[in-house]
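Listing of entry-v2.tsv, TSV, C-alpha atoms
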```tsv
chain	number	residue	atom	x	y	z
A	92	MET	CA	-12.12	82.48	47.75
A	93	THR	CA	-9.73	81.20	45.13
A	94	THR	CA	-10.69	78.57	42.60
A	95	ILE	CA	-9.02	75.25	43.20
A	96	GLU	CA	-7.97	73.29	40.15
A	97	GLU	CA	-8.92	69.61	40.21
A	98	VAL	CA	-7.00	66.54	39.12
A	99	THR	CA	-7.86	62.91	39.64
A	100	PHE	CA	-5.93	60.61	41.92
A	101	SER	CA	-5.17	58.51	38.84
A	102	ASP	CA	-3.59	61.58	37.17
A	103	LEU	CA	-1.47	62.13	40.26
A	104	SER	CA	-0.24	58.56	40.30
A	105	ARG	CA	0.36	58.34	36.54
A	106	HIS	CA	1.57	61.88	35.83
A	107	ALA	CA	3.08	63.13	39.09
A	108	ARG	CA	5.44	65.60	37.36
A	109	ASP	CA	2.60	67.21	35.41
A	110	VAL	CA	0.51	67.50	38.56
A	111	ALA	CA	3.45	69.01	40.46
A	112	ALA	CA	3.91	71.51	37.63
A	113	LYS	CA	0.24	72.54	37.97
A	114	LEU	CA	0.82	73.15	41.65
A	115	LYS	CA	3.42	75.81	40.86
A	116	GLY	CA	0.73	78.06	39.41
A	117	ALA	CA	-1.99	77.27	41.93
A	118	GLU	CA	-2.34	77.68	45.68
A	119	ARG	CA	-3.81	74.20	46.01
A	120	LEU	CA	-4.95	71.28	43.91
A	121	ARG	CA	-7.97	69.16	44.73
A	122	ILE	CA	-7.22	65.49	44.17
A	123	THR	CA	-10.52	63.75	43.48
A	124	ARG	CA	-10.89	60.10	44.40
A	125	ARG	CA	-13.60	57.61	43.55
A	126	ASP	CA	-13.05	55.47	46.63
A	127	GLY	CA	-12.72	58.15	49.30
A	128	GLY	CA	-12.82	61.80	50.19
A	129	ASP	CA	-10.99	64.30	48.07
A	130	LEU	CA	-7.51	65.42	49.06
A	131	ILE	CA	-5.92	68.86	48.88
A	132	LEU	CA	-2.33	69.15	47.68
A	133	THR	CA	-0.31	72.26	48.45
A	134	THR	CA	3.28	73.23	49.14
A	135	ALA	CA	4.66	73.27	52.68
A	136	GLU	CA	5.50	76.97	52.31
A	137	ARG	CA	1.92	77.86	51.37
A	138	GLU	CA	0.51	75.76	54.20
A	139	GLU	CA	2.85	77.43	56.70
A	140	ARG	CA	1.70	80.87	55.48
A	141	ARG	CA	-1.91	79.73	55.84
A	142	GLU	CA	-1.29	78.49	59.40
A	143	GLU	CA	0.37	81.79	60.31
A	144	ALA	CA	-2.62	83.70	58.91
A	145	VAL	CA	-5.03	81.65	61.03
A	146	ALA	CA	-2.84	82.20	64.10
A	147	THR	CA	-2.75	85.96	63.45
A	148	ILE	CA	-6.53	86.12	63.10
A	149	ALA	CA	-7.00	84.07	66.25
A	150	ARG	CA	-4.62	86.24	68.28
A	151	THR	CA	-6.32	89.39	66.98
A	152	PHE	CA	-9.79	88.16	67.94
A	153	ALA	CA	-8.56	86.99	71.35
A	154	ALA	CA	-6.95	90.39	72.00
A	155	LEU	CA	-10.02	92.30	70.85
A	156	ILE	CA	-12.43	90.37	73.04
A	157	LYS	CA	-10.38	91.27	76.15
A	158	SER	CA	-11.35	94.95	76.00
A	159	ASP	CA	-14.85	96.42	76.11
A	160	GLU	CA	-14.25	98.40	72.93
A	161	GLY	CA	-12.84	95.43	71.05
A	162	ALA	CA	-15.61	93.10	72.21
A	163	ARG	CA	-18.18	95.70	71.18
A	164	ALA	CA	-16.58	95.96	67.74
A	165	LEU	CA	-16.72	92.18	67.32
A	166	LEU	CA	-20.33	92.09	68.51
A	167	LEU	CA	-21.25	94.77	65.97
A	168	ALA	CA	-19.50	92.80	63.21
A	169	LEU	CA	-21.27	89.49	63.94
A	170	PRO	CA	-24.53	90.33	62.10
A	171	GLU	CA	-22.53	91.06	58.96
A	172	THR	CA	-20.82	87.68	59.14
A	173	PHE	CA	-23.75	85.72	60.60
A	174	PRO	CA	-27.01	87.54	59.70
A	175	TRP	CA	-29.08	85.04	61.66
A	176	VAL	CA	-27.72	86.30	65.03
A	177	ARG	CA	-30.51	88.90	64.96
A	178	HIS	CA	-32.79	86.12	66.24
A	179	LEU	CA	-30.65	85.56	69.34
A	180	ASP	CA	-30.90	87.43	72.62
A	181	PRO	CA	-28.01	89.84	73.38
A	182	GLU	CA	-26.67	87.45	76.03
A	183	GLU	CA	-26.73	84.59	73.52
A	184	VAL	CA	-24.86	86.68	70.95
A	185	GLN	CA	-22.17	87.39	73.55
A	186	GLU	CA	-21.95	83.69	74.43
A	187	PHE	CA	-21.70	82.82	70.73
A	188	LEU	CA	-18.89	85.36	70.30
A	189	VAL	CA	-16.90	83.94	73.22
A	190	GLU	CA	-17.34	80.38	71.94
A	191	ILE	CA	-16.33	81.24	68.40
A	192	VAL	CA	-13.23	83.15	69.52
A	193	GLN	CA	-12.20	80.20	71.69
A	194	ALA	CA	-12.74	77.80	68.78
A	195	VAL	CA	-10.65	79.99	66.46
A	196	ARG	CA	-7.87	79.98	69.08
A	197	ASP	CA	-8.08	76.18	69.26
A	198	ALA	CA	-7.85	76.00	65.48
A	199	ALA	CA	-4.69	78.09	65.54
A	200	ASP	CA	-3.10	76.69	68.70
A	201	ILE	CA	-3.82	72.98	68.50
A	202	ASP	CA	-4.89	72.49	64.86
A	203	VAL	CA	-8.47	71.51	65.75
A	204	TYR	CA	-11.02	72.90	63.30
A	205	GLY	CA	-14.09	70.70	63.79
A	206	PRO	CA	-15.55	72.45	66.85
A	207	LEU	CA	-15.68	75.78	64.99
A	208	SER	CA	-18.14	74.41	62.45
A	209	GLY	CA	-20.12	72.71	65.20
A	210	ILE	CA	-20.44	75.91	67.22
A	211	VAL	CA	-21.66	77.87	64.22
A	212	ALA	CA	-24.12	75.10	63.27
A	213	ALA	CA	-25.50	74.83	66.82
A	214	TRP	CA	-26.05	78.57	67.24
A	215	LYS	CA	-27.55	78.82	63.75
A	216	ALA	CA	-29.99	76.03	64.67
A	217	THR	CA	-30.90	77.93	67.84
A	218	ALA	CA	-31.52	81.08	65.80
A	219	ARG	CA	-33.64	79.08	63.33
A	220	ILE	CA	-35.84	77.79	66.17
A	221	LYS	CA	-36.19	81.26	67.68
A	222	ALA	CA	-37.05	82.74	64.28
A	223	ASP	CA	-40.10	80.46	64.00
A	224	PRO	CA	-42.55	81.52	66.75
A	225	GLU	CA	-44.63	78.35	66.49
A	226	LEU	CA	-41.63	76.04	66.64
A	227	HIS	CA	-40.09	78.06	69.47
A	228	ARG	CA	-43.32	77.88	71.45
A	229	ASP	CA	-43.61	74.11	70.91
A	230	LEU	CA	-40.01	73.48	71.97
A	231	THR	CA	-40.06	75.73	75.02
A	232	SER	CA	-43.51	75.02	76.45
A	233	PRO	CA	-43.67	72.86	79.58
A	234	LEU	CA	-44.16	69.15	79.08
A	235	ASP	CA	-47.17	67.38	80.49
A	236	ALA	CA	-46.65	64.66	83.08
A	237	THR	CA	-47.22	61.82	80.61
A	238	ASP	CA	-44.69	59.00	80.89
A	239	TYR	CA	-43.96	57.69	77.41
A	240	GLY	CA	-41.78	54.85	78.65
A	241	VAL	CA	-38.13	54.00	78.24
A	242	VAL	CA	-36.26	55.57	75.36
A	243	ALA	CA	-34.12	53.08	73.49
A	244	ALA	CA	-30.43	53.92	73.15
A	245	PRO	CA	-29.47	54.95	69.62
```
As a first step, turn the structure in this file into structure tokens.
Amino acid sequence: MTTIEEVTFSDLSRHARDVAAKLKGAERLRITRRDGGDLILTTAEREERREEAVATIARTFAALIKSDEGARALLLALPETFPWVRHLDPEEVQEFLVEIVQAVRDAADIDVYGPLSGIVAAWKATARIKADPELHRDLTSPLDATDYGVVAAP
């Protein structure tokens, strides 16, 4: 991962030429703001290269998962990328792989990145529960017939 140089939003507004000059030597600049989330500034050419890289990765994963050999290779690679998958059942690991490949395709095809993080977080939470025998037992044991009343909407 490359280091991103930071400048303040005030620097950008007051010294736009200097900030633009910094961008020539950097892939991206992080624009920090006091009143909101940080922004990332990059060139259109670099962003287009980045989008093409994501699309290439997505197409490669999608092509690999279509063959038994390719899917097996991806399944074998998952523990290196996500060590916690060792706590999942083999069927769950396959389901995770299919979901993550679909999410990567969505990121490349329709510029939607949020579900990818959500899928990883949800499966990691599942693995965390399964890794703790006591917690797993508590969450998977049958409930008694006690009626605790109406649950208020959040």
Tell me which residues come within 12 Å of (-6.6, 71.8, 43.8), as a ChimeraX atom specification, counting all atoms listed in the file in the file's coordinates. /A:93-100,103,110-111,113-123,129-134
So which residues fall inside 12 Å of (-3.7, 83.6, 71.2) if we count only C-alpha atoms? Mind giving them as an mmCIF file with C-alpha atoms, in the coordinates of the input?
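The resulting file, part.cif, is reproduced below:
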```cif
data_model
loop_
_atom_site.group_PDB
_atom_site.id
_atom_site.type_symbol
_atom_site.label_atom_id
_atom_site.label_comp_id
_atom_site.auth_asym_id
_atom_site.auth_seq_id
_atom_site.Cartn_x
_atom_site.Cartn_y
_atom_site.Cartn_z
ATOM 1 C CA GLU A 143 0.370 81.790 60.310
ATOM 2 C CA VAL A 145 -5.030 81.650 61.030
ATOM 3 C CA ALA A 146 -2.840 82.200 64.100
ATOM 4 C CA THR A 147 -2.750 85.960 63.450
ATOM 5 C CA ILE A 148 -6.530 86.120 63.100
ATOM 6 C CA ALA A 149 -7.000 84.070 66.250
ATOM 7 C CA ARG A 150 -4.620 86.240 68.280
ATOM 8 C CA THR A 151 -6.320 89.390 66.980
ATOM 9 C CA PHE A 152 -9.790 88.160 67.940
ATOM 10 C CA ALA A 153 -8.560 86.990 71.350
ATOM 11 C CA ALA A 154 -6.950 90.390 72.000
ATOM 12 C CA LEU A 155 -10.020 92.300 70.850
ATOM 13 C CA ILE A 156 -12.430 90.370 73.040
ATOM 14 C CA LYS A 157 -10.380 91.270 76.150
ATOM 15 C CA VAL A 192 -13.230 83.150 69.520
ATOM 16 C CA GLN A 193 -12.200 80.200 71.690
ATOM 17 C CA ALA A 194 -12.740 77.800 68.780
ATOM 18 C CA VAL A 195 -10.650 79.990 66.460
ATOM 19 C CA ARG A 196 -7.870 79.980 69.080
ATOM 20 C CA ASP A 197 -8.080 76.180 69.260
ATOM 21 C CA ALA A 198 -7.850 76.000 65.480
ATOM 22 C CA ALA A 199 -4.690 78.090 65.540
ATOM 23 C CA ASP A 200 -3.100 76.690 68.700
ATOM 24 C CA ILE A 201 -3.820 72.980 68.500
#
```
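Atom CA of A:Gly205 to atom CA of A:Phe187 spans 15.9 Å [interatomic distance, one decimal].
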Determine the axis-aligned bounding box of all atoms of stretch 141-158 of chain A present in the file, pad each side by 6 Å, and express its centre and edge lengths in Å to one decimal place as lines of an AutoDock Vina configuration file.
```
center_x = -6.0
center_y = 86.7
center_z = 66.0
size_x = 24.8
size_y = 28.5
size_z = 32.3
```
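Here atom CA of A:Ile220 and atom CA of A:Leu188 stand 19.0 Å from one another.
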Residues at most 12 Å from stretch 222-231 of chain A, counting all atoms listed in the file, excluding those fewer than 5 positions away in the same chain, as a ChimeraX atom specification? /A:175-180,215-217
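We find atom CA of A:Gly209 and atom CA of A:Glu138 to be spaced 23.6 Å apart.
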Looking at all atoms listed in the file, which of A:Val189, A:Leu234, A:Val203, A:Val184 is the one that sits closest to A:Pro170?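 Counting all atoms listed in the file, the residue closest to A:Pro170 is A:Val184.
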Would you fill the gaps in stretch 151-162 of chain A so it has all heavy atoms, then print it as a PDB file, in the frame of the given file?
```
ATOM      1  N   THR A 151      -5.636  88.092  67.093  1.00  0.00           N
ATOM      2  CA  THR A 151      -6.320  89.390  66.980  1.00  0.00           C
ATOM      3  C   THR A 151      -7.683  89.332  67.639  1.00  0.00           C
ATOM      4  O   THR A 151      -8.051  90.213  68.429  1.00  0.00           O
ATOM      5  CB  THR A 151      -6.438  89.807  65.509  1.00  0.00           C
ATOM      6  OG1 THR A 151      -5.125  89.882  64.937  1.00  0.00           O
ATOM      7  CG2 THR A 151      -7.136  91.148  65.373  1.00  0.00           C
ATOM      8  N   PHE A 152      -8.468  88.305  67.324  1.00  0.00           N
ATOM      9  CA  PHE A 152      -9.790  88.160  67.940  1.00  0.00           C
ATOM     10  C   PHE A 152      -9.682  88.024  69.454  1.00  0.00           C
ATOM     11  O   PHE A 152     -10.444  88.637  70.198  1.00  0.00           O
ATOM     12  CB  PHE A 152     -10.533  86.955  67.373  1.00  0.00           C
ATOM     13  CG  PHE A 152     -11.134  87.167  66.009  1.00  0.00           C
ATOM     14  CD1 PHE A 152     -11.728  86.108  65.353  1.00  0.00           C
ATOM     15  CD2 PHE A 152     -11.103  88.391  65.372  1.00  0.00           C
ATOM     16  CE1 PHE A 152     -12.295  86.272  64.095  1.00  0.00           C
ATOM     17  CE2 PHE A 152     -11.659  88.568  64.118  1.00  0.00           C
ATOM     18  CZ  PHE A 152     -12.257  87.507  63.479  1.00  0.00           C
ATOM     19  N   ALA A 153      -8.734  87.208  69.914  1.00  0.00           N
ATOM     20  CA  ALA A 153      -8.560  86.990  71.350  1.00  0.00           C
ATOM     21  C   ALA A 153      -8.169  88.300  72.050  1.00  0.00           C
ATOM     22  O   ALA A 153      -8.637  88.577  73.162  1.00  0.00           O
ATOM     23  CB  ALA A 153      -7.521  85.912  71.609  1.00  0.00           C
ATOM     24  N   ALA A 154      -7.339  89.105  71.416  1.00  0.00           N
ATOM     25  CA  ALA A 154      -6.950  90.390  72.000  1.00  0.00           C
ATOM     26  C   ALA A 154      -8.121  91.358  72.003  1.00  0.00           C
ATOM     27  O   ALA A 154      -8.338  92.078  72.984  1.00  0.00           O
ATOM     28  CB  ALA A 154      -5.762  90.975  71.232  1.00  0.00           C
ATOM     29  N   LEU A 155      -8.883  91.387  70.933  1.00  0.00           N
ATOM     30  CA  LEU A 155     -10.020  92.300  70.850  1.00  0.00           C
ATOM     31  C   LEU A 155     -11.075  92.006  71.909  1.00  0.00           C
ATOM     32  O   LEU A 155     -11.627  92.925  72.516  1.00  0.00           O
ATOM     33  CB  LEU A 155     -10.667  92.239  69.455  1.00  0.00           C
ATOM     34  CG  LEU A 155      -9.943  92.975  68.343  1.00  0.00           C
ATOM     35  CD1 LEU A 155     -10.542  92.618  66.989  1.00  0.00           C
ATOM     36  CD2 LEU A 155      -9.989  94.479  68.577  1.00  0.00           C
ATOM     37  N   ILE A 156     -11.351  90.739  72.118  1.00  0.00           N
ATOM     38  CA  ILE A 156     -12.430  90.370  73.040  1.00  0.00           C
ATOM     39  C   ILE A 156     -12.078  90.704  74.493  1.00  0.00           C
ATOM     40  O   ILE A 156     -12.950  90.773  75.354  1.00  0.00           O
ATOM     41  CB  ILE A 156     -12.818  88.887  72.875  1.00  0.00           C
ATOM     42  CG1 ILE A 156     -14.248  88.669  73.338  1.00  0.00           C
ATOM     43  CG2 ILE A 156     -11.858  87.975  73.588  1.00  0.00           C
ATOM     44  CD1 ILE A 156     -14.817  87.331  72.956  1.00  0.00           C
ATOM     45  N   LYS A 157     -10.802  90.966  74.780  1.00  0.00           N
ATOM     46  CA  LYS A 157     -10.380  91.270  76.150  1.00  0.00           C
ATOM     47  C   LYS A 157     -10.729  92.695  76.584  1.00  0.00           C
ATOM     48  O   LYS A 157     -10.736  92.985  77.767  1.00  0.00           O
ATOM     49  CB  LYS A 157      -8.878  91.034  76.312  1.00  0.00           C
ATOM     50  CG  LYS A 157      -8.511  89.572  76.300  1.00  0.00           C
ATOM     51  CD  LYS A 157      -7.029  89.385  76.478  1.00  0.00           C
ATOM     52  CE  LYS A 157      -6.685  87.910  76.451  1.00  0.00           C
ATOM     53  NZ  LYS A 157      -5.242  87.690  76.584  1.00  0.00           N
ATOM     54  N   SER A 158     -10.988  93.577  75.639  1.00  0.00           N
ATOM     55  CA  SER A 158     -11.350  94.950  76.000  1.00  0.00           C
ATOM     56  C   SER A 158     -12.810  95.195  75.645  1.00  0.00           C
ATOM     57  O   SER A 158     -13.353  94.585  74.717  1.00  0.00           O
ATOM     58  CB  SER A 158     -10.458  95.962  75.276  1.00  0.00           C
ATOM     59  OG  SER A 158     -10.818  96.040  73.906  1.00  0.00           O
ATOM     60  N   ASP A 159     -13.439  96.098  76.383  1.00  0.00           N
ATOM     61  CA  ASP A 159     -14.850  96.420  76.110  1.00  0.00           C
ATOM     62  C   ASP A 159     -15.034  96.941  74.694  1.00  0.00           C
ATOM     63  O   ASP A 159     -15.968  96.555  73.995  1.00  0.00           O
ATOM     64  CB  ASP A 159     -15.381  97.445  77.117  1.00  0.00           C
ATOM     65  CG  ASP A 159     -15.569  96.855  78.504  1.00  0.00           C
ATOM     66  OD1 ASP A 159     -15.616  95.608  78.616  1.00  0.00           O
ATOM     67  OD2 ASP A 159     -15.659  97.633  79.463  1.00  0.00           O
ATOM     68  N   GLU A 160     -14.137  97.825  74.266  1.00  0.00           N
ATOM     69  CA  GLU A 160     -14.250  98.400  72.930  1.00  0.00           C
ATOM     70  C   GLU A 160     -14.063  97.346  71.840  1.00  0.00           C
ATOM     71  O   GLU A 160     -14.788  97.330  70.846  1.00  0.00           O
ATOM     72  CB  GLU A 160     -13.225  99.528  72.738  1.00  0.00           C
ATOM     73  CG  GLU A 160     -13.478 100.732  73.622  1.00  0.00           C
ATOM     74  CD  GLU A 160     -12.292 101.676  73.653  1.00  0.00           C
ATOM     75  OE1 GLU A 160     -11.203 101.327  73.147  1.00  0.00           O
ATOM     76  OE2 GLU A 160     -12.463 102.774  74.208  1.00  0.00           O
ATOM     77  N   GLY A 161     -13.078  96.482  72.033  1.00  0.00           N
ATOM     78  CA  GLY A 161     -12.840  95.430  71.050  1.00  0.00           C
ATOM     79  C   GLY A 161     -13.976  94.435  70.991  1.00  0.00           C
ATOM     80  O   GLY A 161     -14.419  94.030  69.906  1.00  0.00           O
ATOM     81  N   ALA A 162     -14.478  94.033  72.171  1.00  0.00           N
ATOM     82  CA  ALA A 162     -15.610  93.100  72.210  1.00  0.00           C
ATOM     83  C   ALA A 162     -16.831  93.726  71.551  1.00  0.00           C
ATOM     84  O   ALA A 162     -17.556  93.059  70.814  1.00  0.00           O
ATOM     85  CB  ALA A 162     -15.912  92.711  73.654  1.00  0.00           C
TER      86      ALA A 162
END
```
